[in-house]
Amino acid sequence: MSPFYANYGYHPQWSGSTLTTNSQLPSTVETVAELHEVHELCKSNIALANLEYAKYYNANRREGPNYKEGDQVLLSMRNVTTS
């Protein structure tokens with residue numbers, strides 16, 4: 001679905017297309033309900049995509065060390081500049 005359709009609920013009509021004068025316009029309530037459904041569909045698809053991204057991102061990751069207050073650790077001075 002295009003971003004335009006997700007925002008407005010219809011596909012854009014180009015200047016070369018013909019318009020019919022006998023068309024029935026949907027009521028505002030129907031249009032809002034359709035837009036709400038489209039937005040919910042977009043949200044669920046984005047959530048699914050994020051889960052897939054997280055699965056592949058976390059495949060080669062591991063938990064970091066669990067440091068507690070008072071633990072002694074070594075500090076690398078490679079990136080620390082002093083005078």
# chains A, B, ... in the order shown; residues from 1 in each chain; ligands from 1

$ select_by_dssp --residues "chain A" --states "alpha helix (DSSP H)" --output "PyMOL selection string"
chain A and resi 3-8+28-57

$ closest_residue --among "A:Leu25, A:Asp71, A:Leu35, A:Tyr56" --to "A:Phe4" --atoms "only C-alpha atoms"
A:Leu35

$ atom_distance --atom1 "atom CA of A:Val29" --atom2 "atom CA of A:Pro12"
20.7 Å

$ atom_distance --atom1 "atom CA of A:Glu40" --atom2 "atom CA of A:Asn58"
26.8 Å

$ residues_around --residues "A:Pro26" --least-positions-apart "6" --cutoff "12 Å" --atoms "only C-alpha atoms" --output "short mmCIF file (atom, residue, chain, number, x, y, z; two decimals) with C-alpha atoms, in the first residue's frame"
data_model
loop_
_atom_site.label_atom_id
_atom_site.label_comp_id
_atom_site.auth_asym_id
_atom_site.auth_seq_id
_atom_site.Cartn_x
_atom_site.Cartn_y
_atom_site.Cartn_z
CA GLY A 9 -7.75 6.20 2.10
CA TYR A 10 -7.76 6.45 -1.69
CA VAL A 32 -13.13 7.34 8.92
CA ALA A 33 -13.83 3.67 9.66
CA GLU A 34 -11.92 2.59 6.54
#

$ closest_residue --among "A:Ser83, A:Arg62, A:Tyr5, A:Gln72" --to "A:His39" --atoms "only C-alpha atoms"
A:Tyr5
